[in-house]
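The file entry13.cif contains mmCIF, C-alpha atoms:
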```cif
data_entry
#
loop_
_atom_site.group_PDB
_atom_site.id
_atom_site.type_symbol
_atom_site.label_atom_id
_atom_site.label_comp_id
_atom_site.auth_asym_id
_atom_site.auth_seq_id
_atom_site.Cartn_x
_atom_site.Cartn_y
_atom_site.Cartn_z
ATOM 1 C CA MET A 2 -14.596 11.450 51.441
ATOM 2 C CA LEU A 3 -17.158 13.090 49.168
ATOM 3 C CA ALA A 4 -17.064 16.878 49.095
ATOM 4 C CA ARG A 5 -19.435 19.661 48.286
ATOM 5 C CA PRO A 6 -18.162 22.192 45.729
ATOM 6 C CA THR A 7 -16.788 25.368 47.324
ATOM 7 C CA ASP A 8 -19.335 27.526 45.515
ATOM 8 C CA LEU A 9 -22.183 25.605 47.186
ATOM 9 C CA LEU A 10 -20.690 26.194 50.630
ATOM 10 C CA MET A 11 -20.507 29.907 49.845
ATOM 11 C CA LEU A 12 -24.174 29.762 48.839
ATOM 12 C CA LEU A 13 -25.007 28.074 52.138
ATOM 13 C CA ALA A 14 -23.451 30.926 54.108
ATOM 14 C CA LEU A 15 -25.597 33.429 52.248
ATOM 15 C CA VAL A 16 -28.913 31.562 52.305
ATOM 16 C CA ALA A 17 -28.630 30.776 56.014
ATOM 17 C CA SER A 18 -28.638 34.510 56.712
ATOM 18 C CA LEU A 19 -31.386 35.399 54.234
ATOM 19 C CA VAL A 20 -34.321 33.163 55.102
ATOM 20 C CA VAL A 21 -37.425 34.045 53.103
ATOM 21 C CA PRO A 22 -40.865 32.566 53.871
ATOM 22 C CA ALA A 23 -41.796 29.550 51.775
ATOM 23 C CA GLY A 24 -44.397 30.201 49.110
ATOM 24 C CA SER A 25 -43.105 33.649 48.177
ATOM 25 C CA ALA A 26 -41.490 32.479 44.948
ATOM 26 C CA MET A 27 -42.475 34.352 41.818
ATOM 27 C CA ALA A 28 -44.098 32.198 39.154
ATOM 28 C CA GLY A 29 -41.695 30.776 36.624
ATOM 29 C CA ASP A 30 -40.428 27.574 35.107
ATOM 30 C CA PRO A 31 -37.203 25.844 36.101
ATOM 31 C CA PRO A 32 -35.047 24.654 33.203
ATOM 32 C CA ARG A 33 -35.857 21.275 31.717
ATOM 33 C CA LEU A 34 -33.145 18.862 32.857
ATOM 34 C CA SER A 35 -34.428 15.771 31.069
ATOM 35 C CA ASP A 36 -35.095 15.023 27.423
ATOM 36 C CA PRO A 37 -38.876 14.450 27.047
ATOM 37 C CA ASN A 38 -38.117 12.133 24.130
ATOM 38 C CA ASN A 39 -35.825 9.966 26.248
ATOM 39 C CA ARG A 40 -38.113 7.443 27.891
ATOM 40 C CA ILE A 41 -36.472 5.443 30.671
ATOM 41 C CA ALA A 42 -38.021 2.043 31.393
ATOM 42 C CA ARG A 43 -38.728 1.664 35.087
ATOM 43 C CA SER A 44 -36.788 -0.858 37.106
ATOM 44 C CA ASP A 45 -38.702 -3.478 39.023
ATOM 45 C CA LEU A 46 -38.273 -2.549 42.692
ATOM 46 C CA THR A 47 -40.634 -5.151 44.129
ATOM 47 C CA GLY A 48 -37.721 -6.925 45.802
ATOM 48 C CA LEU A 49 -36.368 -3.748 47.350
ATOM 49 C CA LEU A 50 -36.689 -3.910 51.122
ATOM 50 C CA ARG A 51 -35.871 -0.254 51.817
ATOM 51 C CA LEU A 52 -34.889 2.989 50.097
ATOM 52 C CA ARG A 53 -33.325 5.210 52.728
ATOM 53 C CA PHE A 54 -32.195 8.645 51.623
ATOM 54 C CA LEU A 55 -29.393 10.129 53.699
ATOM 55 C CA THR A 56 -29.107 13.909 53.992
ATOM 56 C CA SER A 57 -27.679 16.614 56.223
ATOM 57 C CA LEU A 58 -29.310 19.615 57.906
ATOM 58 C CA ASP A 59 -26.750 22.273 57.006
ATOM 59 C CA PHE A 60 -27.589 23.352 53.451
ATOM 60 C CA PRO A 61 -30.734 25.536 53.298
ATOM 61 C CA PRO A 62 -32.906 25.790 51.295
ATOM 62 C CA PHE A 63 -31.927 22.350 50.001
ATOM 63 C CA ASN A 64 -31.754 20.470 53.300
ATOM 64 C CA PHE A 65 -32.264 21.825 56.818
ATOM 65 C CA ALA A 66 -34.199 21.165 60.026
ATOM 66 C CA ASP A 67 -37.751 22.509 60.291
ATOM 67 C CA LYS A 68 -39.198 23.936 63.515
ATOM 68 C CA TRP A 69 -39.873 20.390 64.738
ATOM 69 C CA ASN A 70 -36.247 19.460 63.960
ATOM 70 C CA ARG A 71 -37.298 17.200 61.107
ATOM 71 C CA PRO A 72 -35.462 17.042 57.750
ATOM 72 C CA ALA A 73 -36.916 19.578 55.327
ATOM 73 C CA GLY A 74 -35.995 21.440 52.168
ATOM 74 C CA PHE A 75 -35.871 21.118 48.403
ATOM 75 C CA ASN A 76 -33.788 17.919 48.442
ATOM 76 C CA VAL A 77 -36.043 16.279 51.021
ATOM 77 C CA GLU A 78 -39.174 17.159 49.015
ATOM 78 C CA ILE A 79 -37.590 15.716 45.859
ATOM 79 C CA ALA A 80 -36.803 12.474 47.711
ATOM 80 C CA ARG A 81 -40.388 12.193 48.971
ATOM 81 C CA ALA A 82 -41.786 12.928 45.526
ATOM 82 C CA ILE A 83 -39.564 10.233 43.999
ATOM 83 C CA CYS A 84 -40.902 7.693 46.484
ATOM 84 C CA ALA A 85 -44.485 8.701 45.720
ATOM 85 C CA GLU A 86 -43.866 8.473 41.970
ATOM 86 C CA LEU A 87 -42.343 5.004 42.369
ATOM 87 C CA LYS A 88 -45.218 4.009 44.696
ATOM 88 C CA ILE A 89 -42.830 2.782 47.382
ATOM 89 C CA GLU A 90 -43.649 5.276 50.169
ATOM 90 C CA ALA A 91 -43.884 2.447 52.697
ATOM 91 C CA LYS A 92 -40.302 1.448 51.918
ATOM 92 C CA CYS A 93 -38.879 4.980 51.872
ATOM 93 C CA GLU A 94 -37.049 6.664 54.727
ATOM 94 C CA ILE A 95 -35.151 9.930 55.121
ATOM 95 C CA GLN A 96 -32.403 10.147 57.713
ATOM 96 C CA ALA A 97 -30.341 13.215 58.556
ATOM 97 C CA MET A 98 -26.793 13.175 59.894
ATOM 98 C CA PRO A 99 -23.695 15.392 59.797
ATOM 99 C CA TRP A 100 -22.194 15.846 56.314
ATOM 100 C CA GLU A 101 -18.972 14.028 57.223
ATOM 101 C CA GLU A 102 -20.946 10.912 58.225
ATOM 102 C CA LEU A 103 -22.877 10.533 54.965
ATOM 103 C CA ASP A 104 -20.187 8.738 53.001
ATOM 104 C CA PRO A 105 -19.330 6.192 55.731
ATOM 105 C CA ALA A 106 -23.049 5.571 56.321
ATOM 106 C CA LEU A 107 -23.573 4.764 52.643
ATOM 107 C CA ASP A 108 -20.623 2.380 52.652
ATOM 108 C CA GLY A 109 -21.881 0.846 55.906
ATOM 109 C CA LEU A 110 -25.227 -0.027 54.261
ATOM 110 C CA ARG A 111 -27.109 2.362 56.559
ATOM 111 C CA GLY A 112 -28.698 3.973 53.541
ATOM 112 C CA GLU A 113 -29.176 3.460 49.815
ATOM 113 C CA ALA A 114 -28.794 7.025 48.509
ATOM 114 C CA ILE A 115 -27.429 10.434 49.532
ATOM 115 C CA ILE A 116 -29.352 13.558 48.554
ATOM 116 C CA ALA A 117 -27.480 16.403 50.198
ATOM 117 C CA GLY A 118 -26.085 18.704 47.518
ATOM 118 C CA HIS A 119 -23.347 16.752 45.775
ATOM 119 C CA GLY A 120 -22.007 18.108 42.518
ATOM 120 C CA ILE A 121 -20.565 15.764 39.895
ATOM 121 C CA THR A 122 -16.781 15.398 39.865
ATOM 122 C CA LYS A 123 -14.439 12.902 38.208
ATOM 123 C CA GLU A 124 -13.673 11.447 41.631
ATOM 124 C CA LEU A 125 -17.354 11.010 42.405
ATOM 125 C CA ARG A 126 -18.040 9.249 39.100
ATOM 126 C CA SER A 127 -15.095 6.904 39.701
ATOM 127 C CA THR A 128 -16.277 5.824 43.146
ATOM 128 C CA ARG A 129 -20.073 6.150 43.093
ATOM 129 C CA ALA A 130 -23.160 5.628 40.988
ATOM 130 C CA VAL A 131 -25.042 8.897 40.466
ATOM 131 C CA SER A 132 -28.438 9.968 39.180
ATOM 132 C CA ARG A 133 -28.831 12.405 36.351
ATOM 133 C CA PRO A 134 -28.661 16.048 37.567
ATOM 134 C CA TYR A 135 -31.827 17.292 39.255
ATOM 135 C CA PHE A 136 -30.720 20.899 39.808
ATOM 136 C CA LYS A 137 -28.303 23.288 38.103
ATOM 137 C CA PHE A 138 -26.886 26.591 39.289
ATOM 138 C CA PRO A 139 -27.035 29.416 36.732
ATOM 139 C CA ALA A 140 -24.670 32.371 36.610
ATOM 140 C CA ARG A 141 -26.461 35.748 36.548
ATOM 141 C CA PHE A 142 -25.792 39.447 36.136
ATOM 142 C CA VAL A 143 -27.486 41.873 38.523
ATOM 143 C CA ALA A 144 -27.768 45.667 38.218
ATOM 144 C CA ARG A 145 -29.450 48.503 40.077
ATOM 145 C CA SER A 146 -33.074 49.100 39.141
ATOM 146 C CA GLY A 147 -32.302 52.142 36.990
ATOM 147 C CA PHE A 148 -30.004 50.179 34.697
ATOM 148 C CA ALA A 149 -30.841 50.889 31.050
ATOM 149 C CA ALA A 150 -30.468 47.772 28.918
ATOM 150 C CA ARG A 151 -30.182 49.059 25.342
ATOM 151 C CA SER A 152 -29.368 45.625 23.971
ATOM 152 C CA THR A 153 -30.410 42.019 24.516
ATOM 153 C CA ASP A 154 -26.788 40.945 24.093
ATOM 154 C CA MET A 155 -24.915 40.625 27.373
ATOM 155 C CA ASP A 156 -21.548 40.906 25.637
ATOM 156 C CA THR A 157 -22.565 44.411 24.603
ATOM 157 C CA LEU A 158 -24.089 45.305 27.974
ATOM 158 C CA ALA A 159 -21.012 44.215 29.927
ATOM 159 C CA ARG A 160 -18.459 45.860 27.634
ATOM 160 C CA GLY A 161 -16.433 48.478 29.486
ATOM 161 C CA ARG A 162 -18.556 48.182 32.631
ATOM 162 C CA LYS A 163 -17.267 47.464 36.122
ATOM 163 C CA VAL A 164 -18.474 44.006 37.141
ATOM 164 C CA ALA A 165 -18.171 42.911 40.781
ATOM 165 C CA VAL A 166 -17.245 39.240 41.116
ATOM 166 C CA VAL A 167 -15.804 37.044 43.877
ATOM 167 C CA GLU A 168 -12.068 36.755 43.378
ATOM 168 C CA GLY A 169 -10.866 33.263 42.446
ATOM 169 C CA SER A 170 -14.386 31.912 41.971
ATOM 170 C CA ALA A 171 -15.720 29.926 39.036
ATOM 171 C CA HIS A 172 -17.740 32.999 38.124
ATOM 172 C CA ALA A 173 -14.575 35.108 37.944
ATOM 173 C CA GLN A 174 -13.084 32.601 35.506
ATOM 174 C CA LEU A 175 -16.294 32.457 33.480
ATOM 175 C CA LEU A 176 -16.499 36.277 33.310
ATOM 176 C CA LYS A 177 -12.923 36.500 32.030
ATOM 177 C CA VAL A 178 -13.509 33.954 29.249
ATOM 178 C CA TRP A 179 -17.048 34.807 28.158
ATOM 179 C CA PHE A 180 -17.014 38.579 28.733
ATOM 180 C CA PRO A 181 -13.376 39.670 28.235
ATOM 181 C CA GLU A 182 -14.290 43.302 27.592
ATOM 182 C CA ALA A 183 -15.932 43.711 31.014
ATOM 183 C CA GLU A 184 -13.829 45.319 33.744
ATOM 184 C CA ALA A 185 -13.718 42.773 36.560
ATOM 185 C CA VAL A 186 -13.822 44.152 40.114
ATOM 186 C CA ALA A 187 -12.529 41.189 42.140
ATOM 187 C CA LEU A 188 -13.754 41.164 45.749
ATOM 188 C CA ASP A 189 -13.448 38.884 48.781
ATOM 189 C CA ASP A 190 -16.991 37.489 49.001
ATOM 190 C CA GLU A 191 -20.608 37.819 47.843
ATOM 191 C CA ALA A 192 -21.450 40.423 50.479
ATOM 192 C CA ALA A 193 -18.673 42.648 49.158
ATOM 193 C CA THR A 194 -20.100 42.438 45.614
ATOM 194 C CA TYR A 195 -23.529 43.515 46.867
ATOM 195 C CA SER A 196 -21.994 46.441 48.713
ATOM 196 C CA ALA A 197 -19.980 47.505 45.663
ATOM 197 C CA LEU A 198 -23.116 47.589 43.516
ATOM 198 C CA LEU A 199 -25.115 49.566 46.090
ATOM 199 C CA LYS A 200 -22.291 52.081 46.586
ATOM 200 C CA GLY A 201 -21.856 52.618 42.862
ATOM 201 C CA GLU A 202 -18.385 51.077 42.873
ATOM 202 C CA ALA A 203 -19.578 48.528 40.294
ATOM 203 C CA ASP A 204 -22.152 48.670 37.506
ATOM 204 C CA LEU A 205 -23.016 44.983 37.676
ATOM 205 C CA ILE A 206 -22.603 41.870 39.795
ATOM 206 C CA PHE A 207 -21.817 38.516 38.207
ATOM 207 C CA GLY A 208 -22.342 35.499 40.426
ATOM 208 C CA ASP A 209 -24.436 32.518 41.434
ATOM 209 C CA GLY A 210 -28.051 33.009 40.400
ATOM 210 C CA VAL A 211 -29.466 31.165 43.415
ATOM 211 C CA ALA A 212 -27.477 33.202 45.941
ATOM 212 C CA LEU A 213 -28.347 36.395 44.072
ATOM 213 C CA SER A 214 -32.051 35.494 44.007
ATOM 214 C CA PHE A 215 -32.083 35.192 47.804
ATOM 215 C CA TRP A 216 -30.305 38.508 48.188
ATOM 216 C CA LEU A 217 -32.641 40.275 45.732
ATOM 217 C CA ALA A 218 -35.673 38.971 47.637
ATOM 218 C CA SER A 219 -34.270 39.916 51.045
ATOM 219 C CA PRO A 220 -34.894 43.099 53.068
ATOM 220 C CA ASN A 221 -31.182 43.844 52.750
ATOM 221 C CA ALA A 222 -31.593 44.505 49.035
ATOM 222 C CA ASP A 223 -34.690 46.678 49.615
ATOM 223 C CA ASN A 224 -35.871 46.267 45.996
ATOM 224 C CA CYS A 225 -32.708 48.003 44.819
ATOM 225 C CA CYS A 226 -31.783 45.740 41.976
ATOM 226 C CA GLY A 227 -32.733 43.049 39.504
ATOM 227 C CA PHE A 228 -31.414 40.447 37.133
ATOM 228 C CA VAL A 229 -30.064 41.603 33.783
ATOM 229 C CA SER A 230 -30.302 39.467 30.657
ATOM 230 C CA GLY A 231 -30.898 35.752 31.111
ATOM 231 C CA PRO A 232 -29.291 32.848 32.979
ATOM 232 C CA PHE A 233 -26.015 31.305 31.863
ATOM 233 C CA LEU A 234 -25.162 27.602 32.278
ATOM 234 C CA SER A 235 -21.741 26.027 31.863
ATOM 235 C CA ASP A 236 -20.839 22.471 32.789
ATOM 236 C CA HIS A 237 -17.166 23.366 32.402
ATOM 237 C CA PHE A 238 -17.135 26.312 34.806
ATOM 238 C CA LEU A 239 -20.187 25.698 37.021
ATOM 239 C CA GLY A 240 -20.420 21.930 37.061
ATOM 240 C CA ASP A 241 -22.984 19.440 35.801
ATOM 241 C CA GLY A 242 -25.412 20.099 38.645
ATOM 242 C CA MET A 243 -26.531 18.342 41.824
ATOM 243 C CA VAL A 244 -27.056 14.579 41.819
ATOM 244 C CA ILE A 245 -28.246 11.745 44.056
ATOM 245 C CA VAL A 246 -25.312 9.566 45.102
ATOM 246 C CA MET A 247 -25.406 5.767 45.491
ATOM 247 C CA ARG A 248 -23.049 2.832 45.797
ATOM 248 C CA GLN A 249 -21.611 1.472 42.571
ATOM 249 C CA ASP A 250 -23.753 -1.674 42.806
ATOM 250 C CA SER A 251 -26.980 0.368 42.572
ATOM 251 C CA ALA A 252 -27.664 0.290 38.819
ATOM 252 C CA GLN A 253 -31.288 -0.801 39.314
ATOM 253 C CA ILE A 254 -31.988 2.003 41.792
ATOM 254 C CA VAL A 255 -30.236 4.597 39.590
ATOM 255 C CA LYS A 256 -32.489 3.650 36.676
ATOM 256 C CA ALA A 257 -35.601 3.903 38.842
ATOM 257 C CA LEU A 258 -34.615 7.292 40.272
ATOM 258 C CA ASN A 259 -33.860 8.724 36.830
ATOM 259 C CA ALA A 260 -37.218 7.535 35.515
ATOM 260 C CA ALA A 261 -38.951 9.084 38.535
ATOM 261 C CA LEU A 262 -37.105 12.409 38.143
ATOM 262 C CA ASN A 263 -38.195 12.573 34.499
ATOM 263 C CA ALA A 264 -41.800 11.859 35.487
ATOM 264 C CA LEU A 265 -41.736 14.586 38.155
ATOM 265 C CA GLU A 266 -40.768 17.103 35.476
ATOM 266 C CA GLU A 267 -43.387 15.904 33.010
ATOM 267 C CA LYS A 268 -46.180 16.025 35.599
ATOM 268 C CA GLY A 269 -45.252 19.463 36.965
ATOM 269 C CA VAL A 270 -44.409 18.118 40.424
ATOM 270 C CA TYR A 271 -40.797 19.280 40.151
ATOM 271 C CA ARG A 272 -41.955 22.816 39.306
ATOM 272 C CA GLU A 273 -44.276 22.916 42.336
ATOM 273 C CA ILE A 274 -41.440 21.929 44.663
ATOM 274 C CA TYR A 275 -39.054 24.366 42.970
ATOM 275 C CA LEU A 276 -41.390 27.309 43.467
ATOM 276 C CA ARG A 277 -41.839 26.546 47.160
ATOM 277 C CA TYR A 278 -38.157 26.932 47.991
ATOM 278 C CA PHE A 279 -36.898 29.892 45.949
ATOM 279 C CA PRO A 280 -38.049 33.417 46.824
ATOM 280 C CA LEU A 281 -37.229 34.689 43.343
ATOM 281 C CA ASP A 282 -36.787 32.375 40.375
ATOM 282 C CA PRO A 283 -33.004 32.238 39.745
ATOM 283 C CA PHE A 284 -33.796 31.493 36.077
ATOM 284 C CA ALA A 285 -36.228 34.408 35.674
ATOM 285 C CA ASP A 286 -35.757 36.724 32.701
ATOM 286 C CA GLY A 287 -33.922 39.921 33.506
ATOM 287 C CA ILE A 288 -33.819 43.480 32.170
ATOM 288 C CA GLY A 289 -33.461 43.565 28.403
ATOM 289 C CA MET A 290 -34.065 39.856 27.839
ATOM 290 C CA PRO A 291 -37.092 38.275 26.143
ATOM 291 C CA LYS A 292 -38.292 34.954 27.527
ATOM 292 C CA SER A 293 -36.017 32.171 26.356
ATOM 293 C CA GLU A 294 -34.308 28.980 27.408
ATOM 294 C CA PRO A 295 -31.251 29.284 29.694
ATOM 295 C CA ARG A 296 -28.252 30.341 27.649
ATOM 296 C CA GLU A 297 -25.490 27.771 27.527
ATOM 297 C CA ARG A 298 -22.279 28.710 25.781
ATOM 298 C CA GLN A 299 -19.218 26.680 24.933
ATOM 299 C CA ALA A 300 -16.319 28.519 26.512
ATOM 300 C CA GLU A 301 -12.983 28.629 24.744
ATOM 301 C CA ARG A 302 -10.341 26.770 26.714
ATOM 302 C CA PRO A 303 -7.011 27.511 24.993
ATOM 303 C CA GLN A 304 -4.967 26.032 27.850
ATOM 304 C CA GLN A 305 -6.999 22.869 28.186
ATOM 305 C CA SER A 306 -6.521 19.814 26.017
ATOM 306 C CA GLY A 307 -8.696 16.762 25.635
#
```
When written as structure tokens, how does the structure in this file appear?
Amino acid sequence: MLARPTDLLMLLALVASLVVPAGSAMAGDPPRLSDPNNRIARSDLTGLLRLRFLTSLDFPPFNFADKWNRPAGFNVEIARAICAELKIEAKCEIQAMPWEELDPALDGLRGEAIIAGHGITKELRSTRAVSRPYFKFPARFVARSGFAARSTDMDTLARGRKVAVVEGSAHAQLLKVWFPEAEAVALDDEAATYSALLKGEADLIFGDGVALSFWLASPNADNCCGFVSGPFLSDHFLGDGMVIVMRQDSAQIVKALNAALNALEEKGVYREIYLRYFPLDPFADGIGMPKSEPRERQAERPQQSG
């Protein structure tokens, strides 16, 4: 059975409680996930009878039910845009079902692709064909609005400061390796980290940038806080990103989807969809950080070989 990463389920719990009207996203640019110099030749899909995307309705803002109980969300919009780019709208379908039914439905030939929030794992790669990543989750620092950033270097800013982080999370591991001089304040969940920052029990929060963006844009935050420095990406700690999942015999479809995803970025369609579903750009520059590309660092892994 395919599984969503734990961090994504934690994000779901937060976003479901912090719904922000669509269209309120602040202008910004999502990170480029494709190489503009890497041109993928399109597969010939003329013989394709159907391209049915399977999704669930339990992962807002990526996939959920709208007020008419129809599939909606970032993932659904990406699927529709792919079909439009490939000019196969008449052959495209989107069907929603419970998460636990997605994998059996794909194997039972009731769909050709799953777009529901899967992250890449070794198990997934060994059993499925996958698209290139179409979304990545950055790690971010957040501070109260009065935070004085006297440096653009986050190593310096975090040194000796109390940083609230969810105990046992990927972000806790990343904080320990990348920012060893920060004083980690390990807490039970995201809500506890927000509370610690507001009460002055922590100087910073370190966590998922998407979850934090929804909290910062919510009435609960009441304009208290903001991002500090820039976004951090790590395939090792945070995963390779979300992908579209297909059966292993789907090489032709994988090639077509990757070509379409690249085209959506080049034409600005991806950015338009991105801005509709995020109340505050999770990759936006923070306090003390000039505009730059997302920061990706190679973490030291002394206990890992290979």
Let me know the residues the PyMOL selection byres ((chain A and resi 155) around 10) catches in the file above, as an mmCIF file with C-alpha atoms, in the frame of the given file.
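And here is the file that came out, selection28.cif:
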```
data_model
loop_
_atom_site.group_PDB
_atom_site.id
_atom_site.type_symbol
_atom_site.label_atom_id
_atom_site.label_comp_id
_atom_site.auth_asym_id
_atom_site.auth_seq_id
_atom_site.Cartn_x
_atom_site.Cartn_y
_atom_site.Cartn_z
ATOM 1 C CA PHE A 142 -25.792 39.447 36.136
ATOM 2 C CA ALA A 150 -30.468 47.772 28.918
ATOM 3 C CA SER A 152 -29.368 45.625 23.971
ATOM 4 C CA THR A 153 -30.410 42.019 24.516
ATOM 5 C CA ASP A 154 -26.788 40.945 24.093
ATOM 6 C CA ASP A 156 -21.548 40.906 25.637
ATOM 7 C CA THR A 157 -22.565 44.411 24.603
ATOM 8 C CA LEU A 158 -24.089 45.305 27.974
ATOM 9 C CA ALA A 159 -21.012 44.215 29.927
ATOM 10 C CA ARG A 160 -18.459 45.860 27.634
ATOM 11 C CA TRP A 179 -17.048 34.807 28.158
ATOM 12 C CA PHE A 180 -17.014 38.579 28.733
ATOM 13 C CA VAL A 229 -30.064 41.603 33.783
ATOM 14 C CA SER A 230 -30.302 39.467 30.657
ATOM 15 C CA GLY A 231 -30.898 35.752 31.111
ATOM 16 C CA GLY A 289 -33.461 43.565 28.403
ATOM 17 C CA MET A 290 -34.065 39.856 27.839
#
```
>> If the PyMOL selection byres ((chain A and resi 233-249) around 7) were run on this exact file, what residues would it hold? Put them as a ChimeraX atom specification.
In response: /A:113-116,118-121,128-141,171,175,231-232,250-251,295-298
>> With all atoms listed in the file as the counted atoms, please give the residues lying no more than 8 Å from range 198-205 of chain A, apart from itself and same-chain residues fewer than 4 positions off, as a PyMOL selection string.
In response: chain A and resi 142-145+162-165+186+194+225
> So which residues touch Phe75 in chain A within 12 Å, counting all atoms listed in the file, skipping near sequence neighbours fewer than 4 positions away, as a PyMOL selection string?
Replying inline: chain A and resi 23+56+58+60-66+79-82+116-118+135-136+243+271-279
>> With 12 Å as the threshold, what does the neighbourhood of (-29.1, 33.1, 42.4) contain in terms of residues, counting only C-alpha atoms? Coordinates are those of the file; answer as a ChimeraX atom specification.
In response: /A:8-9,11-13,15-16,137-143,191,206-218,227-228,231-233,279-285
Write a file of the just-selected residues containing C-alpha atoms, as a compact mmCIF listing (two decimals), in the coordinates of the input.
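Output below, filename result-v2.txt:
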```txt
# COMPACT_ATOMS: atom_id res chain seq x y z
CA ASP A 8 -19.34 27.53 45.52
CA LEU A 9 -22.18 25.60 47.19
CA MET A 11 -20.51 29.91 49.84
CA LEU A 12 -24.17 29.76 48.84
CA LEU A 13 -25.01 28.07 52.14
CA LEU A 15 -25.60 33.43 52.25
CA VAL A 16 -28.91 31.56 52.30
CA LYS A 137 -28.30 23.29 38.10
CA PHE A 138 -26.89 26.59 39.29
CA PRO A 139 -27.04 29.42 36.73
CA ALA A 140 -24.67 32.37 36.61
CA ARG A 141 -26.46 35.75 36.55
CA PHE A 142 -25.79 39.45 36.14
CA VAL A 143 -27.49 41.87 38.52
CA GLU A 191 -20.61 37.82 47.84
CA ILE A 206 -22.60 41.87 39.80
CA PHE A 207 -21.82 38.52 38.21
CA GLY A 208 -22.34 35.50 40.43
CA ASP A 209 -24.44 32.52 41.43
CA GLY A 210 -28.05 33.01 40.40
CA VAL A 211 -29.47 31.16 43.42
CA ALA A 212 -27.48 33.20 45.94
CA LEU A 213 -28.35 36.40 44.07
CA SER A 214 -32.05 35.49 44.01
CA PHE A 215 -32.08 35.19 47.80
CA TRP A 216 -30.30 38.51 48.19
CA LEU A 217 -32.64 40.28 45.73
CA ALA A 218 -35.67 38.97 47.64
CA GLY A 227 -32.73 43.05 39.50
CA PHE A 228 -31.41 40.45 37.13
CA GLY A 231 -30.90 35.75 31.11
CA PRO A 232 -29.29 32.85 32.98
CA PHE A 233 -26.02 31.30 31.86
CA PHE A 279 -36.90 29.89 45.95
CA PRO A 280 -38.05 33.42 46.82
CA LEU A 281 -37.23 34.69 43.34
CA ASP A 282 -36.79 32.38 40.38
CA PRO A 283 -33.00 32.24 39.74
CA PHE A 284 -33.80 31.49 36.08
CA ALA A 285 -36.23 34.41 35.67
```
> Between CA of Leu49 in chain A and CA of Val255 in chain A, what is the distance, to one decimal in Å?
Replying inline: 12.9 Å
>> Using only C-alpha atoms, which protein or nucleic acid residues come within 10 Å of Arg51 in chain A? Drop anything in the same chain fewer than 4 positions from it, and give the result as a list in words.
In response: Leu46, Ile89, Glu90, Ala91, Lys92, Cys93, Glu94, Gly112 and Glu113 of chain A
> Could you write out as a VMD selection string the residues that the PyMOL selection byres ((chain A and resi 102) around 12) matches in the shown file?
Replying inline: chain A and resid 2 to 4 55 to 57 96 to 101 103 to 109 111 to 112 115 117
> To one decimal place, how far is CA of Val77 in chain A from CA of Asp286 in chain A in Å?
Replying inline: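 Computing it gives 27.5 Å between the two atoms.
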>> Nearest residue to Leu258 in chain A out of A:Ile288, A:Leu52, A:Ile83, A:Ala73, using all atoms listed in the file?
In response: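 Using all atoms listed in the file, Leu258 in chain A sits closest to A:Ile83.
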>> Just the number, please: distance in Å from CA of Lys88 in chain A to CA of Asn263 in chain A, one decimal.
In response: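 Between CA of Lys88 in chain A and CA of Asn263 in chain A the gap works out to 15.1 Å.
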